[in-house]
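A short worksheet on the structure shown next.
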Protein chains: 2
Amino acid sequence: MVTDIRSTPVCILGLGLIGGSMMRALDASGASSFGYNRSSATVEHARADGHDASTDLAATLDRAADTDAVIVLATPVTTIEPIVSAIAEHAAGCLITDVISVKVPVAEIFRRLFPNARYVGGHPMAGSSLSGWEATDPALFTDAMWMVTTEDWTDAEDWRVVAGLARALGAAVVPAANDAHDRAVAAISHVPHLTAAATAAVGAAESALAIRLAAGSFRDGTRVAGTAPQLQRAMIEANGIAVLNTLSEVIDRLTAARDELRDHGTTQVLIDDGYRARHAYEAMANAPRVAITGVEPGAAGWQAEMRRQAHRGSVWLG
Amino acid sequence: MVTDIRSTPVCILGLGLIGGSMMRALDASGASSFGYNRSSATVEHARADGHDASTDLAATLDRAADTDAVIVLATPVTTIEPIVSAIAEHAAGCLITDVISVKVPVAEIFRRLFPNARYVGGHPMAGSSLSGWEATDPALFTDAMWMVTTEDWTDAEDWRVVAGLARALGAAVVPAANDAHDRAVAAISHVPHLTAAATAAVGAAESALAIRLAAGSFRDGTRVAGTAPQLQRAMIEANGIAVLNTLSEVIDRLTAARDELRDHGTTQVLIDDGYRARHAYEAMANAPRVAITGVEPGAAGWQAEMRRQAHRGSVWLG
């Protein structure tokens, strides 16, 4: 039984921004990590920086099985089916987590391809519009939020290990059910990528004069539109249902604002609501974090109690 | 005839973020400025910092007339009608510019209330979600873009003074017609405020869990929604026609993306267009500025030639 992430190896599959940053942070902290990446250029880059990386998935997974490593799936959701099948073949006994930005679709892939997996999902809320090994940063997770799947059937000890991995990397743990997570990230990440893309596309189509005049509101409001399209599409399209619902809400809000401006010359409702929402966000972001208390993994009903406290904004710091 | 802004006083009406920052920058550079603000708290704050400020508009304008000062209108567009009338009454001979984020509505107010004004509009592309004297910054305009109205009937010497003021504050001058400016800022500023507000409002309405998980895409994409609502509304609503057109384009793009996602499971068109647009913006923002060349204010057709070069992205550095 693994209880301290520094006493067990971590096997990272995919050494992009998230996986590579995890490898650098773990190795810097004295933990032991090894990893796989499809691209030999990335593997060479990681090795040149002193890390243990390979382009051989089967050999990497055999090693994970031999060392009872915790496996971290850190490739785009569109690529994971053959990797999940390979884990089932080579390292069926290992505890598995992931860092993918949608959780229901990943859980469904496990249900279909590897139903008996020891799988506890995760999602660190850390990213940037950069990607690849060059962008990796061992401090990427410091004070970040890290969602860990907390369903009624989640195993307490496996949850502790995955939550411990997030904590060891400096993150605070947000326990949540997969579907609640997917609705939340549609609202605060996936749809904001689409509004950024629309804002950028319409602004740039106006004229070179417009782009020349662009200042803070355009620069910040369109930043994430510069993320590699395949990464954006992988997360947005995998979360299609939740994105459709939230995107429709945004379209409805903008349409109502347009009609109000056209018919009454005002944008008060949307501007006031946006202002309040932004300040509510800033207040929560700047407030001291409130720890989930009075519940330990394994106690009766611990999963529901953790979700209840997290739904109000508290985080697990255990 | 004024040809160097450091040899003539600048009278600033409104000492908020833009007007206050101008006062601090001018005084720091050895130029002479004095100003008016309605709020005595702001005036006291400015005086405590060593500046020359008053709550008496008529006396301030009489002084502008006596010293042949350049007058800068730096209050929200919703407040300027009585101020324009007061200038006509007290300082009718002074050259006037403004820093308001819409230009056609301001020009129309002058046409109606003070048709013979020596007025050359301006708009520095510098702001923040902060406001008030506390937020002022003498470096606010360094390397910023500063639109200066350049119509076929713009007076060359008056244009030189207003452009010289922008240059003295460290900005590059973007010559443009008022209507082209208003379309451009609808696309790169006013509509981005509305998309930020919609993104913030929908995200915050989801759950405290969602706000807790919010990271970079939400933080940056909603930043300007935190700007004081009356400032946002003043600029957006004054530019109603251009905003309506551009906002409709954004709604159309988002609706097309929703339909594409629902019917075909993809967001490729919008994500690819947004990615290209963002990188085109970054390329222009990071490229060396190209100076407008081969034309001087006062030469035959100088206004049209300046607009032509600015429309391609060049700036006046003369």
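We name chains A, B, ... following the order of the structure tokens; residues begin at 1 in each chain, and ligands are numbered from 1 as shown.
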
Quiz item: Leaving out A:Asp68 and any residue of its chain fewer than 2 positions from it, which residues lie within 9 Å of it when counting only C-alpha atoms, given as JSON, numbers by chain?
Solution: {"A": [8, 9, 63, 64, 65, 66, 70, 91, 93, 94, 95]}

With C-alpha atoms retained, export the selected residues as a PDB file, in the first residue's frame.
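So the final result, stored in part.pdb, reads:
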```pdb
ATOM      1  CA  THR A   8       6.776   4.937  -4.820  1.00  0.00           C
ATOM      2  CA  PRO A   9       7.769   5.553  -8.424  1.00  0.00           C
ATOM      3  CA  ARG A  63       8.617  -1.430 -15.590  1.00  0.00           C
ATOM      4  CA  ALA A  64       5.596   0.195 -13.928  1.00  0.00           C
ATOM      5  CA  ALA A  65       4.195  -3.259 -13.156  1.00  0.00           C
ATOM      6  CA  ASP A  66       7.551  -4.463 -11.786  1.00  0.00           C
ATOM      7  CA  VAL A  70       1.484   4.880  -9.934  1.00  0.00           C
ATOM      8  CA  ALA A  91       0.348  -3.241 -15.848  1.00  0.00           C
ATOM      9  CA  GLY A  93      -2.458  -4.105 -11.121  1.00  0.00           C
ATOM     10  CA  CYS A  94      -1.147  -0.563 -10.993  1.00  0.00           C
ATOM     11  CA  LEU A  95      -3.070   2.383  -9.639  1.00  0.00           C
TER      12      LEU A  95
END
```

Quiz item: Which residues of chain B are close to chain A, meaning at most 6 Å apart when you count only C-alpha atoms, and how do they look as a PyMOL selection string?
Solution: chain B and resi 125+184+187-189+197-198+200-201+203-204+208-210+212+214-215+217-218+220-221+225-226+250+271+273-275+277-278+311-313

Quiz prompt | 10 Å contact set for A:Asp62, only C-alpha atoms, chain neighbours under 6 positions out, as a PyMOL selection string | solution = chain A and resi 68+86-87+89-92

Quiz item: If you count only C-alpha atoms, which residues fall within 9 Å of A:Gly122, apart from same-chain ones fewer than 6 positions away, as a list of chain:residue names?
Solution: A:Thr97, A:Asp98, A:Val99, A:Ile100, A:Ser101, A:Lys103, A:Trp146, A:Met147, A:Val148, A:Thr149, A:Val162, A:Ala163, A:Ala166

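Counting only C-alpha atoms and comparing A:Pro76, A:Pro138, A:Gly35, A:Pro288, the residue that lies closest to A:Ala168 is A:Pro138.
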